[in-house]
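As structure tokens, the structure follows; a few thoughts come after it.
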Amino acid sequence: MKLKLLFSLILGLIILIIIIQNVGDVPTKILFWSITLPHIFLLFIVFIIGLLIGIMLTGLMTKKPPKELSEGGKE
């Protein structure tokens, strides 16, 4: 458990350093729109989307199928 926490803190620190170093504006195309926003904001959005997808996939993969109730008792 302690190793997992340490790894998470180091990974978070690395992500924070990368985000802080990228503060310039970048043009971004989303389908038909083109917007200019700070690179730090774009990286943060992409990170959050990836985090949410990872949480959702983990939740889908760890769900157990519901127990089926057999009618008529033991067979």
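So you can find residues: chains in the structure tokens are A, B, ... in the order shown, residues in each start at 1, and ligands are numbered from 1 in order.
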
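Contact shell of segment 34-50 of chain A at 10 Å (only C-alpha atoms; same-chain neighbours under 6 positions omitted): Ile15, Leu16, Ile18, Ile19, Ile20, Gln21, Asn22, Val23, Gly24, Asp25, Val26, Pro27, Thr28 and Met56 of chain A.
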
Emit the selected residues as a PDB file, in the first residue's frame, including N, CA and C atoms.
```
ATOM      1  N   ILE A  15       3.620  14.887 -13.423  1.00  0.00           N
ATOM      2  CA  ILE A  15       2.553  15.506 -14.217  1.00  0.00           C
ATOM      3  C   ILE A  15       2.466  16.992 -13.917  1.00  0.00           C
ATOM      4  N   LEU A  16       2.584  17.367 -12.650  1.00  0.00           N
ATOM      5  CA  LEU A  16       2.540  18.775 -12.274  1.00  0.00           C
ATOM      6  C   LEU A  16       3.686  19.557 -12.908  1.00  0.00           C
ATOM      7  N   ILE A  18       5.303  18.834 -15.695  1.00  0.00           N
ATOM      8  CA  ILE A  18       5.044  18.922 -17.139  1.00  0.00           C
ATOM      9  C   ILE A  18       4.005  20.000 -17.420  1.00  0.00           C
ATOM     10  N   ILE A  19       2.945  20.035 -16.624  1.00  0.00           N
ATOM     11  CA  ILE A  19       1.891  21.026 -16.843  1.00  0.00           C
ATOM     12  C   ILE A  19       2.413  22.440 -16.613  1.00  0.00           C
ATOM     13  N   ILE A  20       3.178  22.662 -15.557  1.00  0.00           N
ATOM     14  CA  ILE A  20       3.686  24.002 -15.240  1.00  0.00           C
ATOM     15  C   ILE A  20       4.642  24.499 -16.331  1.00  0.00           C
ATOM     16  N   GLN A  21       5.393  23.598 -16.961  1.00  0.00           N
ATOM     17  CA  GLN A  21       6.347  24.006 -17.995  1.00  0.00           C
ATOM     18  C   GLN A  21       5.675  24.356 -19.318  1.00  0.00           C
ATOM     19  N   ASN A  22       4.402  24.027 -19.478  1.00  0.00           N
ATOM     20  CA  ASN A  22       3.708  24.263 -20.744  1.00  0.00           C
ATOM     21  C   ASN A  22       2.573  25.257 -20.550  1.00  0.00           C
ATOM     22  N   VAL A  23       2.927  26.549 -20.518  1.00  0.00           N
ATOM     23  CA  VAL A  23       1.935  27.581 -20.263  1.00  0.00           C
ATOM     24  C   VAL A  23       1.576  28.408 -21.501  1.00  0.00           C
ATOM     25  N   GLY A  24       2.186  28.152 -22.653  1.00  0.00           N
ATOM     26  CA  GLY A  24       1.899  28.917 -23.859  1.00  0.00           C
ATOM     27  C   GLY A  24       0.561  28.535 -24.476  1.00  0.00           C
ATOM     28  N   ASP A  25       0.012  29.436 -25.306  1.00  0.00           N
ATOM     29  CA  ASP A  25      -1.243  29.164 -25.999  1.00  0.00           C
ATOM     30  C   ASP A  25      -1.011  28.259 -27.199  1.00  0.00           C
ATOM     31  N   VAL A  26      -1.969  27.356 -27.433  1.00  0.00           N
ATOM     32  CA  VAL A  26      -1.906  26.460 -28.590  1.00  0.00           C
ATOM     33  C   VAL A  26      -3.260  26.434 -29.281  1.00  0.00           C
ATOM     34  N   PRO A  27      -3.246  26.437 -30.633  1.00  0.00           N
ATOM     35  CA  PRO A  27      -4.522  26.278 -31.344  1.00  0.00           C
ATOM     36  C   PRO A  27      -4.953  24.809 -31.289  1.00  0.00           C
ATOM     37  N   THR A  28      -6.226  24.588 -31.035  1.00  0.00           N
ATOM     38  CA  THR A  28      -6.748  23.237 -30.920  1.00  0.00           C
ATOM     39  C   THR A  28      -7.996  23.113 -31.780  1.00  0.00           C
ATOM     40  N   MET A  56     -13.696   4.543 -15.005  1.00  0.00           N
ATOM     41  CA  MET A  56     -14.868   3.850 -15.546  1.00  0.00           C
ATOM     42  C   MET A  56     -14.524   2.437 -16.001  1.00  0.00           C
TER      43      MET A  56
END
```

All alpha helix (DSSP H) residues (DSSP, backbone) inside segment 17-46 of chain A, as a PDB file with N, CA and C atoms, in the first residue's frame:
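Output contents, as saved in selection-v4.pdb:
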```pdb
ATOM      1  N   ILE A  17       4.879  19.003 -12.912  1.00  0.00           N
ATOM      2  CA  ILE A  17       6.032  19.672 -13.535  1.00  0.00           C
ATOM      3  C   ILE A  17       5.805  19.857 -15.026  1.00  0.00           C
ATOM      4  N   ILE A  18       5.303  18.834 -15.695  1.00  0.00           N
ATOM      5  CA  ILE A  18       5.044  18.922 -17.139  1.00  0.00           C
ATOM      6  C   ILE A  18       4.005  20.000 -17.420  1.00  0.00           C
ATOM      7  N   ILE A  19       2.945  20.035 -16.624  1.00  0.00           N
ATOM      8  CA  ILE A  19       1.891  21.026 -16.843  1.00  0.00           C
ATOM      9  C   ILE A  19       2.413  22.440 -16.613  1.00  0.00           C
ATOM     10  N   ILE A  20       3.178  22.662 -15.557  1.00  0.00           N
ATOM     11  CA  ILE A  20       3.686  24.002 -15.240  1.00  0.00           C
ATOM     12  C   ILE A  20       4.642  24.499 -16.331  1.00  0.00           C
ATOM     13  N   GLN A  21       5.393  23.598 -16.961  1.00  0.00           N
ATOM     14  CA  GLN A  21       6.347  24.006 -17.995  1.00  0.00           C
ATOM     15  C   GLN A  21       5.675  24.356 -19.318  1.00  0.00           C
ATOM     16  N   HIS A  39      -1.774  25.846 -23.121  1.00  0.00           N
ATOM     17  CA  HIS A  39      -1.351  24.447 -23.173  1.00  0.00           C
ATOM     18  C   HIS A  39      -1.571  23.765 -21.817  1.00  0.00           C
ATOM     19  N   ILE A  40      -1.369  24.500 -20.735  1.00  0.00           N
ATOM     20  CA  ILE A  40      -1.563  23.951 -19.398  1.00  0.00           C
ATOM     21  C   ILE A  40      -3.013  23.480 -19.219  1.00  0.00           C
ATOM     22  N   PHE A  41      -3.971  24.267 -19.734  1.00  0.00           N
ATOM     23  CA  PHE A  41      -5.388  23.926 -19.624  1.00  0.00           C
ATOM     24  C   PHE A  41      -5.716  22.697 -20.475  1.00  0.00           C
ATOM     25  N   LEU A  42      -5.151  22.644 -21.668  1.00  0.00           N
ATOM     26  CA  LEU A  42      -5.381  21.498 -22.553  1.00  0.00           C
ATOM     27  C   LEU A  42      -4.823  20.210 -21.938  1.00  0.00           C
ATOM     28  N   LEU A  43      -3.626  20.263 -21.378  1.00  0.00           N
ATOM     29  CA  LEU A  43      -3.050  19.091 -20.729  1.00  0.00           C
ATOM     30  C   LEU A  43      -3.880  18.647 -19.535  1.00  0.00           C
ATOM     31  N   PHE A  44      -4.380  19.606 -18.773  1.00  0.00           N
ATOM     32  CA  PHE A  44      -5.206  19.281 -17.613  1.00  0.00           C
ATOM     33  C   PHE A  44      -6.499  18.596 -18.046  1.00  0.00           C
ATOM     34  N   ILE A  45      -7.129  19.103 -19.095  1.00  0.00           N
ATOM     35  CA  ILE A  45      -8.375  18.500 -19.602  1.00  0.00           C
ATOM     36  C   ILE A  45      -8.115  17.073 -20.074  1.00  0.00           C
ATOM     37  N   VAL A  46      -7.049  16.870 -20.831  1.00  0.00           N
ATOM     38  CA  VAL A  46      -6.730  15.536 -21.338  1.00  0.00           C
ATOM     39  C   VAL A  46      -6.417  14.582 -20.183  1.00  0.00           C
TER      40      VAL A  46
END
```

So which residues of chain A fall under strand (DSSP E or B) by DSSP, listed as a short mmCIF file (atom, residue, chain, number, x, y, z; two decimals) with C-alpha atoms, in the first residue's frame?
```cif
data_model
loop_
_atom_site.label_atom_id
_atom_site.label_comp_id
_atom_site.auth_asym_id
_atom_site.auth_seq_id
_atom_site.Cartn_x
_atom_site.Cartn_y
_atom_site.Cartn_z
CA ASP A 25 -1.24 29.16 -26.00
CA VAL A 26 -1.91 26.46 -28.59
CA PRO A 27 -4.52 26.28 -31.34
CA THR A 28 -6.75 23.24 -30.92
CA LYS A 29 -9.21 21.82 -33.43
CA ILE A 30 -12.27 19.98 -32.15
CA TRP A 33 -14.17 24.40 -34.31
CA SER A 34 -10.75 25.85 -33.78
CA ILE A 35 -9.98 27.37 -30.39
CA THR A 36 -6.83 28.76 -28.83
CA LEU A 37 -6.25 27.96 -25.19
CA PRO A 38 -3.30 27.68 -22.82
#
```

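Between atom CA of Ser8 of chain A and atom CA of Gly54 of chain A there is a distance of 14.4 Å.
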
(request) Work out how far apart atom CA of Ile53 of chain A and atom CA of Gly12 of chain A are and give it in Å to one decimal. (result) 17.3 Å

(request) Figure out the distance between atom CA of Ile10 of chain A and atom CA of Gly59 of chain A, please, to one decimal in Å. (result)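 For atom CA of Gly59 of chain A relative to atom CA of Ile10 of chain A, the distance reads 24.3 Å.
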